Amino acid sequence: MDITKLTELAIQESMIWLPKLAAVVFIIILFFILAKFVKRIIIKLAEKLEFDPHLTKFFAQASRVVFTLLGIITALGTIGINVSALVAGLGLTGFALGFAFKDTISNLLSGVLILLYRPFNINDKIKVAGYEGKVISVDLRYTKLDSEEGTVLIPNSKCFTDPVVVYSKD
């Protein structure tokens with residue numbers, strides 16, 4: 001193969017791939033900007049609705065991850081890669097990870113619901129799972145109590161599913 005045929009072939013291939021690569025770059029930038037925009041909207045809405053900062057950070061981070069994954073999958077589809085197997089694989093991976101981390105996910109979702117519904121607040125004296133104390137903090141995984149025995153970390157799933165007695169609302 002001589003150099004002119006090789007050059008012609010390279011030009012032909014670049015004419016096919018350059019528009020696709022430009023579209024991929026455009027899609028990734030678009031989804032990146034969209035992720036930032038949605039994150040700002042979530043933060044502003046959370047401030048207006050007076051959500052807990054932990055919850056706001058969680059939702060903002062989750063939206064960023066979702067939009068980034070959607071952008072990558074869309075970009076791969078634009079190139080011509082069959083993304084149905086990738087999406088199915090992600091679904092299966094999500095199922096396996098969800099099953100493996102069911103307690104952690106249960107605590108996380110319980111923490112989100114506790115921060116949304118606020119059955120108790122910081123400085124309230126509560127009794128849950130056999131422990132009694134003053135609520136120091138509530139994050140996405142644990143509720144921290146200051147009790148006579150010391151600091152107690154109670155998984156949020158316990159605080160959400162077990163009976164909670166609130167002795168004082170400050």
# chains A, B, ... in the order shown; residues from 1 in each chain; ligands from 1
call {"tool": "closest_atom_pairs", "arguments": {"of": "segment 61-93 of chain A", "to": "segment 26-50 of chain A", "cutoff": "8 Å", "atoms": "only C-alpha atoms", "output": "Markdown table"}}
result
| residue | atom | partner | partner_atom | distance |
| --- | --- | --- | --- | --- |
| A:Gln61 | CA | A:Lys39 | CA | 7.5 |
| A:Ser63 | CA | A:Lys39 | CA | 6.6 |
| A:Arg64 | CA | A:Ala35 | CA | 5.1 |
| A:Phe67 | CA | A:Ala35 | CA | 5.5 |
| A:Thr68 | CA | A:Phe31 | CA | 6.5 |
| A:Leu70 | CA | A:Phe31 | CA | 7.7 |
| A:Gly71 | CA | A:Phe31 | CA | 5.3 |
| A:Ile72 | CA | A:Ile28 | CA | 6.7 |
| A:Thr74 | CA | A:Ile27 | CA | 7.4 |
| A:Ala75 | CA | A:Ile27 | CA | 6.1 |
call {"tool": "atom_distance", "arguments": {"atom1": "atom CA of Leu90 of chain A", "atom2": "atom CA of Lys20 of chain A"}}
result
24.4 Å
call {"tool": "atom_distance", "arguments": {"atom1": "atom CA of Thr151 of chain A", "atom2": "atom CA of Val128 of chain A"}}
result
13.8 Å
call {"tool": "closest_residue", "arguments": {"among": "A:Ala85, A:Val66, A:Ile154, A:Ile79", "to": "Ile16 of chain A", "atoms": "only C-alpha atoms"}}
result
A:Ile79
call {"tool": "residues_around", "arguments": {"residues": "Leu153 of chain A", "least_positions_apart": "4", "cutoff": "10 Å", "atoms": "only C-alpha atoms", "output": "compact mmCIF listing (two decimals) with C-alpha atoms, in the first residue's frame"}}
result
# COMPACT_ATOMS: atom_id res chain seq x y z
CA TYR A 131 -30.39 3.35 74.99
CA ILE A 136 -26.03 15.03 69.62
CA SER A 137 -26.30 14.58 65.85
CA VAL A 138 -28.15 12.77 63.11
CA ARG A 141 -25.76 6.50 58.87
CA TYR A 142 -26.00 6.96 62.65
CA THR A 143 -27.88 8.87 65.29
CA LYS A 144 -25.43 9.91 67.98
CA LEU A 145 -26.67 10.00 71.59
CA ASP A 146 -24.94 11.39 74.66
call {"tool": "atom_distance", "arguments": {"atom1": "atom CA of Trp17 of chain A", "atom2": "atom CA of Val65 of chain A"}}
result
27.9 Å
call {"tool": "closest_residue", "arguments": {"among": "A:Ala10, A:Ile122, A:Val112, A:Leu55", "to": "Lys134 of chain A", "atoms": "only C-alpha atoms"}}
result
A:Ile122
call {"tool": "select_by_dssp", "arguments": {"residues": "chain A", "states": "strand (DSSP E)", "output": "ChimeraX atom specification"}}
result
/A:125-128,131-138,142-147,150-155,164-168
call {"tool": "write_last_selection", "arguments": {"atoms": "N, CA and C atoms", "output": "PDB file, in the first residue's frame"}}
result
ATOM      1  N   LYS A 125     -34.190  14.572  74.231  1.00  0.00           N
ATOM      2  CA  LYS A 125     -33.834  13.380  74.992  1.00  0.00           C
ATOM      3  C   LYS A 125     -34.740  12.254  74.503  1.00  0.00           C
ATOM      4  N   ILE A 126     -34.112  11.162  74.022  1.00  0.00           N
ATOM      5  CA  ILE A 126     -34.880  10.053  73.461  1.00  0.00           C
ATOM      6  C   ILE A 126     -34.412   8.723  74.042  1.00  0.00           C
ATOM      7  N   LYS A 127     -35.253   7.710  73.847  1.00  0.00           N
ATOM      8  CA  LYS A 127     -34.894   6.339  74.185  1.00  0.00           C
ATOM      9  C   LYS A 127     -35.195   5.480  72.978  1.00  0.00           C
ATOM     10  N   VAL A 128     -34.180   4.739  72.519  1.00  0.00           N
ATOM     11  CA  VAL A 128     -34.340   3.870  71.363  1.00  0.00           C
ATOM     12  C   VAL A 128     -33.377   2.695  71.501  1.00  0.00           C
ATOM     13  N   TYR A 131     -31.286   2.273  74.610  1.00  0.00           N
ATOM     14  CA  TYR A 131     -30.393   3.351  74.995  1.00  0.00           C
ATOM     15  C   TYR A 131     -31.186   4.634  75.166  1.00  0.00           C
ATOM     16  N   GLU A 132     -30.782   5.401  76.167  1.00  0.00           N
ATOM     17  CA  GLU A 132     -31.449   6.664  76.449  1.00  0.00           C
ATOM     18  C   GLU A 132     -30.394   7.755  76.500  1.00  0.00           C
ATOM     19  N   GLY A 133     -30.696   8.889  75.902  1.00  0.00           N
ATOM     20  CA  GLY A 133     -29.740   9.979  75.937  1.00  0.00           C
ATOM     21  C   GLY A 133     -30.202  11.171  75.128  1.00  0.00           C
ATOM     22  N   LYS A 134     -29.346  12.162  75.118  1.00  0.00           N
ATOM     23  CA  LYS A 134     -29.607  13.404  74.400  1.00  0.00           C
ATOM     24  C   LYS A 134     -29.040  13.280  72.991  1.00  0.00           C
ATOM     25  N   VAL A 135     -29.830  13.653  71.988  1.00  0.00           N
ATOM     26  CA  VAL A 135     -29.399  13.551  70.600  1.00  0.00           C
ATOM     27  C   VAL A 135     -28.331  14.611  70.330  1.00  0.00           C
ATOM     28  N   ILE A 136     -27.139  14.125  69.956  1.00  0.00           N
ATOM     29  CA  ILE A 136     -26.035  15.032  69.618  1.00  0.00           C
ATOM     30  C   ILE A 136     -26.076  15.379  68.139  1.00  0.00           C
ATOM     31  N   SER A 137     -26.257  14.343  67.298  1.00  0.00           N
ATOM     32  CA  SER A 137     -26.300  14.582  65.853  1.00  0.00           C
ATOM     33  C   SER A 137     -27.029  13.444  65.164  1.00  0.00           C
ATOM     34  N   VAL A 138     -27.535  13.762  63.990  1.00  0.00           N
ATOM     35  CA  VAL A 138     -28.153  12.771  63.115  1.00  0.00           C
ATOM     36  C   VAL A 138     -27.500  12.939  61.753  1.00  0.00           C
ATOM     37  N   TYR A 142     -25.775   7.157  61.217  1.00  0.00           N
ATOM     38  CA  TYR A 142     -25.996   6.965  62.646  1.00  0.00           C
ATOM     39  C   TYR A 142     -26.731   8.135  63.262  1.00  0.00           C
ATOM     40  N   THR A 143     -27.392   7.832  64.389  1.00  0.00           N
ATOM     41  CA  THR A 143     -27.878   8.865  65.287  1.00  0.00           C
ATOM     42  C   THR A 143     -26.988   8.786  66.511  1.00  0.00           C
ATOM     43  N   LYS A 144     -26.378   9.893  66.875  1.00  0.00           N
ATOM     44  CA  LYS A 144     -25.430   9.913  67.978  1.00  0.00           C
ATOM     45  C   LYS A 144     -26.117  10.443  69.229  1.00  0.00           C
ATOM     46  N   LEU A 145     -26.074   9.628  70.308  1.00  0.00           N
ATOM     47  CA  LEU A 145     -26.665  10.001  71.590  1.00  0.00           C
ATOM     48  C   LEU A 145     -25.580  10.216  72.625  1.00  0.00           C
ATOM     49  N   ASP A 146     -25.797  11.189  73.501  1.00  0.00           N
ATOM     50  CA  ASP A 146     -24.939  11.391  74.661  1.00  0.00           C
ATOM     51  C   ASP A 146     -25.685  10.806  75.844  1.00  0.00           C
ATOM     52  N   SER A 147     -25.219   9.656  76.339  1.00  0.00           N
ATOM     53  CA  SER A 147     -25.896   8.979  77.440  1.00  0.00           C
ATOM     54  C   SER A 147     -24.977   8.894  78.643  1.00  0.00           C
ATOM     55  N   GLY A 150     -21.833   7.057  77.972  1.00  0.00           N
ATOM     56  CA  GLY A 150     -20.936   7.715  77.025  1.00  0.00           C
ATOM     57  C   GLY A 150     -21.673   8.001  75.726  1.00  0.00           C
ATOM     58  N   THR A 151     -20.938   8.194  74.677  1.00  0.00           N
ATOM     59  CA  THR A 151     -21.527   8.462  73.373  1.00  0.00           C
ATOM     60  C   THR A 151     -21.958   7.134  72.736  1.00  0.00           C
ATOM     61  N   VAL A 152     -23.208   7.096  72.273  1.00  0.00           N
ATOM     62  CA  VAL A 152     -23.760   5.890  71.667  1.00  0.00           C
ATOM     63  C   VAL A 152     -24.116   6.198  70.218  1.00  0.00           C
ATOM     64  N   LEU A 153     -23.640   5.362  69.303  1.00  0.00           N
ATOM     65  CA  LEU A 153     -23.999   5.478  67.893  1.00  0.00           C
ATOM     66  C   LEU A 153     -25.059   4.427  67.597  1.00  0.00           C
ATOM     67  N   ILE A 154     -26.241   4.877  67.250  1.00  0.00           N
ATOM     68  CA  ILE A 154     -27.341   3.963  66.948  1.00  0.00           C
ATOM     69  C   ILE A 154     -27.585   4.008  65.446  1.00  0.00           C
ATOM     70  N   PRO A 155     -27.552   2.845  64.790  1.00  0.00           N
ATOM     71  CA  PRO A 155     -27.834   2.838  63.346  1.00  0.00           C
ATOM     72  C   PRO A 155     -29.223   3.427  63.068  1.00  0.00           C
ATOM     73  N   VAL A 164     -39.385   4.699  69.255  1.00  0.00           N
ATOM     74  CA  VAL A 164     -38.565   5.771  69.793  1.00  0.00           C
ATOM     75  C   VAL A 164     -39.427   6.572  70.759  1.00  0.00           C
ATOM     76  N   VAL A 165     -38.931   6.729  71.975  1.00  0.00           N
ATOM     77  CA  VAL A 165     -39.632   7.540  72.968  1.00  0.00           C
ATOM     78  C   VAL A 165     -38.903   8.869  73.033  1.00  0.00           C
ATOM     79  N   VAL A 166     -39.636   9.958  72.780  1.00  0.00           N
ATOM     80  CA  VAL A 166     -39.070  11.299  72.850  1.00  0.00           C
ATOM     81  C   VAL A 166     -39.515  11.901  74.166  1.00  0.00           C
ATOM     82  N   TYR A 167     -38.559  12.079  75.105  1.00  0.00           N
ATOM     83  CA  TYR A 167     -38.890  12.594  76.448  1.00  0.00           C
ATOM     84  C   TYR A 167     -39.009  14.109  76.471  1.00  0.00           C
ATOM     85  N   SER A 168     -38.185  14.774  75.708  1.00  0.00           N
ATOM     86  CA  SER A 168     -38.244  16.230  75.732  1.00  0.00           C
ATOM     87  C   SER A 168     -37.988  16.774  74.347  1.00  0.00           C
TER      88      SER A 168
END
call {"tool": "residues_around", "arguments": {"residues": "Phe160 of chain A", "least_positions_apart": "5", "cutoff": "10 Å", "atoms": "only C-alpha atoms", "output": "list in words"}}
result
Ser106, Asn107, Leu109, Ser110, Gly111, Leu113, Ile114, Pro119, Val128 and Pro155 of chain A
call {"tool": "select_by_dssp", "arguments": {"residues": "segment 13-145 of chain A", "states": "alpha helix (DSSP H)", "output": "VMD selection string"}}
result
chain A and resid 13 to 48 53 to 79 84 to 100 102 to 117
call {"tool": "write_last_selection", "arguments": {"atoms": "C-alpha atoms", "output": "mmCIF file, in the first residue's frame"}}
result
data_model
loop_
_atom_site.group_PDB
_atom_site.id
_atom_site.type_symbol
_atom_site.label_atom_id
_atom_site.label_comp_id
_atom_site.auth_asym_id
_atom_site.auth_seq_id
_atom_site.Cartn_x
_atom_site.Cartn_y
_atom_site.Cartn_z
ATOM 1 C CA GLU A 13 -11.868 7.444 8.414
ATOM 2 C CA SER A 14 -11.342 10.819 10.103
ATOM 3 C CA MET A 15 -14.323 12.238 8.176
ATOM 4 C CA ILE A 16 -16.451 9.439 9.642
ATOM 5 C CA TRP A 17 -15.140 9.648 13.226
ATOM 6 C CA LEU A 18 -14.637 13.403 13.731
ATOM 7 C CA PRO A 19 -18.369 14.264 13.816
ATOM 8 C CA LYS A 20 -18.976 11.396 16.242
ATOM 9 C CA LEU A 21 -16.139 12.511 18.505
ATOM 10 C CA ALA A 22 -17.394 16.095 18.390
ATOM 11 C CA ALA A 23 -20.859 14.861 19.365
ATOM 12 C CA VAL A 24 -19.380 12.848 22.251
ATOM 13 C CA VAL A 25 -17.497 15.880 23.576
ATOM 14 C CA PHE A 26 -20.641 18.004 23.227
ATOM 15 C CA ILE A 27 -22.780 15.426 25.065
ATOM 16 C CA ILE A 28 -20.303 15.070 27.930
ATOM 17 C CA ILE A 29 -20.028 18.860 28.330
ATOM 18 C CA LEU A 30 -23.826 19.194 28.149
ATOM 19 C CA PHE A 31 -24.409 16.584 30.846
ATOM 20 C CA PHE A 32 -21.654 18.101 32.992
ATOM 21 C CA ILE A 33 -23.321 21.522 32.793
ATOM 22 C CA LEU A 34 -26.732 19.949 33.395
ATOM 23 C CA ALA A 35 -25.396 18.135 36.492
ATOM 24 C CA LYS A 36 -24.071 21.408 37.922
ATOM 25 C CA PHE A 37 -27.361 23.157 37.146
ATOM 26 C CA VAL A 38 -29.456 20.457 38.819
ATOM 27 C CA LYS A 39 -27.102 20.450 41.816
ATOM 28 C CA ARG A 40 -27.604 24.219 42.234
ATOM 29 C CA ILE A 41 -31.370 23.828 41.969
ATOM 30 C CA ILE A 42 -31.343 21.098 44.615
ATOM 31 C CA ILE A 43 -29.238 23.236 46.966
ATOM 32 C CA LYS A 44 -31.484 26.299 46.513
ATOM 33 C CA LEU A 45 -34.661 24.258 47.012
ATOM 34 C CA ALA A 46 -33.212 22.581 50.081
ATOM 35 C CA GLU A 47 -32.328 25.968 51.577
ATOM 36 C CA LYS A 48 -35.866 27.251 50.971
ATOM 37 C CA PRO A 53 -27.322 20.026 55.285
ATOM 38 C CA HIS A 54 -26.381 16.316 55.257
ATOM 39 C CA LEU A 55 -29.485 15.522 53.255
ATOM 40 C CA THR A 56 -28.875 18.384 50.851
ATOM 41 C CA LYS A 57 -25.310 17.239 50.255
ATOM 42 C CA PHE A 58 -26.492 13.655 49.684
ATOM 43 C CA PHE A 59 -29.140 14.634 47.114
ATOM 44 C CA ALA A 60 -26.791 17.040 45.324
ATOM 45 C CA GLN A 61 -24.045 14.408 45.108
ATOM 46 C CA ALA A 62 -26.486 11.711 43.968
ATOM 47 C CA SER A 63 -27.835 13.949 41.194
ATOM 48 C CA ARG A 64 -24.300 14.667 40.001
ATOM 49 C CA VAL A 65 -23.454 10.965 39.839
ATOM 50 C CA VAL A 66 -26.690 10.116 38.011
ATOM 51 C CA PHE A 67 -26.225 12.825 35.378
ATOM 52 C CA THR A 68 -22.571 11.887 34.885
ATOM 53 C CA LEU A 69 -23.495 8.229 34.313
ATOM 54 C CA LEU A 70 -26.296 9.216 31.935
ATOM 55 C CA GLY A 71 -23.873 11.419 30.002
ATOM 56 C CA ILE A 72 -21.286 8.664 29.700
ATOM 57 C CA ILE A 73 -23.879 6.102 28.585
ATOM 58 C CA THR A 74 -25.352 8.543 26.058
ATOM 59 C CA ALA A 75 -21.872 9.384 24.730
ATOM 60 C CA LEU A 76 -20.991 5.702 24.341
ATOM 61 C CA GLY A 77 -24.253 5.129 22.480
ATOM 62 C CA THR A 78 -23.435 8.044 20.170
ATOM 63 C CA ILE A 79 -20.115 6.464 19.226
ATOM 64 C CA SER A 84 -27.945 -2.175 26.366
ATOM 65 C CA ALA A 85 -25.516 -4.788 27.696
ATOM 66 C CA LEU A 86 -23.763 -2.090 29.747
ATOM 67 C CA VAL A 87 -27.053 -0.884 31.221
ATOM 68 C CA ALA A 88 -28.092 -4.463 32.001
ATOM 69 C CA GLY A 89 -24.705 -5.059 33.605
ATOM 70 C CA LEU A 90 -25.079 -1.911 35.703
ATOM 71 C CA GLY A 91 -28.509 -3.099 36.791
ATOM 72 C CA LEU A 92 -27.149 -6.481 37.801
ATOM 73 C CA THR A 93 -24.221 -4.869 39.579
ATOM 74 C CA GLY A 94 -26.613 -2.546 41.383
ATOM 75 C CA PHE A 95 -28.708 -5.498 42.487
ATOM 76 C CA ALA A 96 -25.667 -7.409 43.756
ATOM 77 C CA LEU A 97 -24.273 -4.376 45.578
ATOM 78 C CA GLY A 98 -27.690 -3.599 47.029
ATOM 79 C CA PHE A 99 -27.955 -7.124 48.370
ATOM 80 C CA ALA A 100 -24.401 -7.058 49.731
ATOM 81 C CA LYS A 102 -28.446 -3.985 52.417
ATOM 82 C CA ASP A 103 -27.773 -2.941 56.030
ATOM 83 C CA THR A 104 -25.729 0.072 54.982
ATOM 84 C CA ILE A 105 -28.325 1.092 52.412
ATOM 85 C CA SER A 106 -31.074 0.558 54.996
ATOM 86 C CA ASN A 107 -29.247 2.892 57.397
ATOM 87 C CA LEU A 108 -28.700 5.439 54.632
ATOM 88 C CA LEU A 109 -32.336 5.482 53.522
ATOM 89 C CA SER A 110 -33.520 5.523 57.144
ATOM 90 C CA GLY A 111 -31.202 8.486 57.750
ATOM 91 C CA VAL A 112 -32.709 10.309 54.783
ATOM 92 C CA LEU A 113 -36.230 9.660 56.098
ATOM 93 C CA ILE A 114 -35.308 10.700 59.657
ATOM 94 C CA LEU A 115 -33.781 13.924 58.351
ATOM 95 C CA LEU A 116 -36.891 14.546 56.233
ATOM 96 C CA TYR A 117 -39.576 13.730 58.832
#
call {"tool": "decode", "arguments": {"residues": "segment 74-107 of chain A", "atoms": "N, CA and C atoms", "output": "PDB file, in the first residue's frame"}}
result
ATOM      1  N   THR A  74     -24.878   7.904  27.289  1.00  0.00           N
ATOM      2  CA  THR A  74     -25.352   8.543  26.058  1.00  0.00           C
ATOM      3  C   THR A  74     -24.193   8.747  25.077  1.00  0.00           C
ATOM      4  N   ALA A  75     -23.043   9.170  25.596  1.00  0.00           N
ATOM      5  CA  ALA A  75     -21.872   9.384  24.730  1.00  0.00           C
ATOM      6  C   ALA A  75     -21.403   8.067  24.105  1.00  0.00           C
ATOM      7  N   LEU A  76     -21.391   6.999  24.892  1.00  0.00           N
ATOM      8  CA  LEU A  76     -20.991   5.702  24.341  1.00  0.00           C
ATOM      9  C   LEU A  76     -21.971   5.230  23.265  1.00  0.00           C
ATOM     10  N   GLY A  77     -23.251   5.480  23.487  1.00  0.00           N
ATOM     11  CA  GLY A  77     -24.253   5.129  22.480  1.00  0.00           C
ATOM     12  C   GLY A  77     -24.079   5.931  21.208  1.00  0.00           C
ATOM     13  N   THR A  78     -23.655   7.188  21.334  1.00  0.00           N
ATOM     14  CA  THR A  78     -23.435   8.044  20.170  1.00  0.00           C
ATOM     15  C   THR A  78     -22.274   7.536  19.324  1.00  0.00           C
ATOM     16  N   ILE A  79     -21.259   7.013  19.966  1.00  0.00           N
ATOM     17  CA  ILE A  79     -20.115   6.464  19.226  1.00  0.00           C
ATOM     18  C   ILE A  79     -20.528   5.237  18.430  1.00  0.00           C
ATOM     19  N   GLY A  80     -21.518   4.537  18.936  1.00  0.00           N
ATOM     20  CA  GLY A  80     -21.961   3.335  18.240  1.00  0.00           C
ATOM     21  C   GLY A  80     -21.809   2.080  19.069  1.00  0.00           C
ATOM     22  N   ILE A  81     -21.441   2.254  20.328  1.00  0.00           N
ATOM     23  CA  ILE A  81     -21.308   1.099  21.217  1.00  0.00           C
ATOM     24  C   ILE A  81     -22.699   0.691  21.692  1.00  0.00           C
ATOM     25  N   ASN A  82     -22.965  -0.596  21.692  1.00  0.00           N
ATOM     26  CA  ASN A  82     -24.249  -1.106  22.171  1.00  0.00           C
ATOM     27  C   ASN A  82     -24.273  -0.994  23.692  1.00  0.00           C
ATOM     28  N   VAL A  83     -25.056  -0.053  24.206  1.00  0.00           N
ATOM     29  CA  VAL A  83     -25.071   0.214  25.641  1.00  0.00           C
ATOM     30  C   VAL A  83     -26.112  -0.622  26.392  1.00  0.00           C
ATOM     31  N   SER A  84     -26.925  -1.381  25.668  1.00  0.00           N
ATOM     32  CA  SER A  84     -27.945  -2.175  26.366  1.00  0.00           C
ATOM     33  C   SER A  84     -27.301  -3.214  27.282  1.00  0.00           C
ATOM     34  N   ALA A  85     -26.220  -3.827  26.841  1.00  0.00           N
ATOM     35  CA  ALA A  85     -25.516  -4.788  27.696  1.00  0.00           C
ATOM     36  C   ALA A  85     -24.882  -4.077  28.888  1.00  0.00           C
ATOM     37  N   LEU A  86     -24.353  -2.876  28.662  1.00  0.00           N
ATOM     38  CA  LEU A  86     -23.763  -2.090  29.747  1.00  0.00           C
ATOM     39  C   LEU A  86     -24.814  -1.711  30.778  1.00  0.00           C
ATOM     40  N   VAL A  87     -25.970  -1.262  30.311  1.00  0.00           N
ATOM     41  CA  VAL A  87     -27.053  -0.884  31.221  1.00  0.00           C
ATOM     42  C   VAL A  87     -27.545  -2.106  31.993  1.00  0.00           C
ATOM     43  N   ALA A  88     -27.689  -3.231  31.318  1.00  0.00           N
ATOM     44  CA  ALA A  88     -28.092  -4.463  32.001  1.00  0.00           C
ATOM     45  C   ALA A  88     -27.046  -4.875  33.031  1.00  0.00           C
ATOM     46  N   GLY A  89     -25.784  -4.744  32.675  1.00  0.00           N
ATOM     47  CA  GLY A  89     -24.705  -5.059  33.605  1.00  0.00           C
ATOM     48  C   GLY A  89     -24.716  -4.143  34.815  1.00  0.00           C
ATOM     49  N   LEU A  90     -24.976  -2.854  34.583  1.00  0.00           N
ATOM     50  CA  LEU A  90     -25.079  -1.911  35.703  1.00  0.00           C
ATOM     51  C   LEU A  90     -26.251  -2.268  36.606  1.00  0.00           C
ATOM     52  N   GLY A  91     -27.349  -2.688  35.999  1.00  0.00           N
ATOM     53  CA  GLY A  91     -28.509  -3.099  36.791  1.00  0.00           C
ATOM     54  C   GLY A  91     -28.204  -4.311  37.641  1.00  0.00           C
ATOM     55  N   LEU A  92     -27.532  -5.280  37.057  1.00  0.00           N
ATOM     56  CA  LEU A  92     -27.149  -6.481  37.801  1.00  0.00           C
ATOM     57  C   LEU A  92     -26.147  -6.150  38.894  1.00  0.00           C
ATOM     58  N   THR A  93     -25.201  -5.288  38.578  1.00  0.00           N
ATOM     59  CA  THR A  93     -24.221  -4.869  39.579  1.00  0.00           C
ATOM     60  C   THR A  93     -24.905  -4.127  40.718  1.00  0.00           C
ATOM     61  N   GLY A  94     -25.856  -3.265  40.364  1.00  0.00           N
ATOM     62  CA  GLY A  94     -26.613  -2.546  41.383  1.00  0.00           C
ATOM     63  C   GLY A  94     -27.387  -3.485  42.291  1.00  0.00           C
ATOM     64  N   PHE A  95     -27.972  -4.503  41.697  1.00  0.00           N
ATOM     65  CA  PHE A  95     -28.708  -5.498  42.487  1.00  0.00           C
ATOM     66  C   PHE A  95     -27.770  -6.233  43.436  1.00  0.00           C
ATOM     67  N   ALA A  96     -26.628  -6.667  42.931  1.00  0.00           N
ATOM     68  CA  ALA A  96     -25.667  -7.409  43.756  1.00  0.00           C
ATOM     69  C   ALA A  96     -25.118  -6.529  44.881  1.00  0.00           C
ATOM     70  N   LEU A  97     -24.773  -5.287  44.546  1.00  0.00           N
ATOM     71  CA  LEU A  97     -24.273  -4.376  45.578  1.00  0.00           C
ATOM     72  C   LEU A  97     -25.357  -4.042  46.598  1.00  0.00           C
ATOM     73  N   GLY A  98     -26.584  -3.866  46.115  1.00  0.00           N
ATOM     74  CA  GLY A  98     -27.690  -3.599  47.029  1.00  0.00           C
ATOM     75  C   GLY A  98     -27.909  -4.739  47.996  1.00  0.00           C
ATOM     76  N   PHE A  99     -27.798  -5.955  47.507  1.00  0.00           N
ATOM     77  CA  PHE A  99     -27.955  -7.124  48.370  1.00  0.00           C
ATOM     78  C   PHE A  99     -26.792  -7.228  49.349  1.00  0.00           C
ATOM     79  N   ALA A 100     -25.580  -6.962  48.876  1.00  0.00           N
ATOM     80  CA  ALA A 100     -24.401  -7.058  49.731  1.00  0.00           C
ATOM     81  C   ALA A 100     -24.379  -5.967  50.802  1.00  0.00           C
ATOM     82  N   PHE A 101     -24.846  -4.789  50.451  1.00  0.00           N
ATOM     83  CA  PHE A 101     -24.806  -3.652  51.374  1.00  0.00           C
ATOM     84  C   PHE A 101     -26.197  -3.285  51.879  1.00  0.00           C
ATOM     85  N   LYS A 102     -27.060  -4.283  52.050  1.00  0.00           N
ATOM     86  CA  LYS A 102     -28.446  -3.985  52.417  1.00  0.00           C
ATOM     87  C   LYS A 102     -28.554  -3.263  53.751  1.00  0.00           C
ATOM     88  N   ASP A 103     -27.714  -3.620  54.735  1.00  0.00           N
ATOM     89  CA  ASP A 103     -27.773  -2.941  56.030  1.00  0.00           C
ATOM     90  C   ASP A 103     -27.307  -1.497  55.915  1.00  0.00           C
ATOM     91  N   THR A 104     -26.236  -1.281  55.172  1.00  0.00           N
ATOM     92  CA  THR A 104     -25.729   0.072  54.982  1.00  0.00           C
ATOM     93  C   THR A 104     -26.733   0.927  54.228  1.00  0.00           C
ATOM     94  N   ILE A 105     -27.321   0.358  53.185  1.00  0.00           N
ATOM     95  CA  ILE A 105     -28.325   1.092  52.412  1.00  0.00           C
ATOM     96  C   ILE A 105     -29.563   1.352  53.260  1.00  0.00           C
ATOM     97  N   SER A 106     -29.942   0.379  54.089  1.00  0.00           N
ATOM     98  CA  SER A 106     -31.074   0.558  54.996  1.00  0.00           C
ATOM     99  C   SER A 106     -30.808   1.719  55.955  1.00  0.00           C
ATOM    100  N   ASN A 107     -29.600   1.788  56.505  1.00  0.00           N
ATOM    101  CA  ASN A 107     -29.247   2.892  57.397  1.00  0.00           C
ATOM    102  C   ASN A 107     -29.249   4.220  56.655  1.00  0.00           C
TER     103      ASN A 107
END
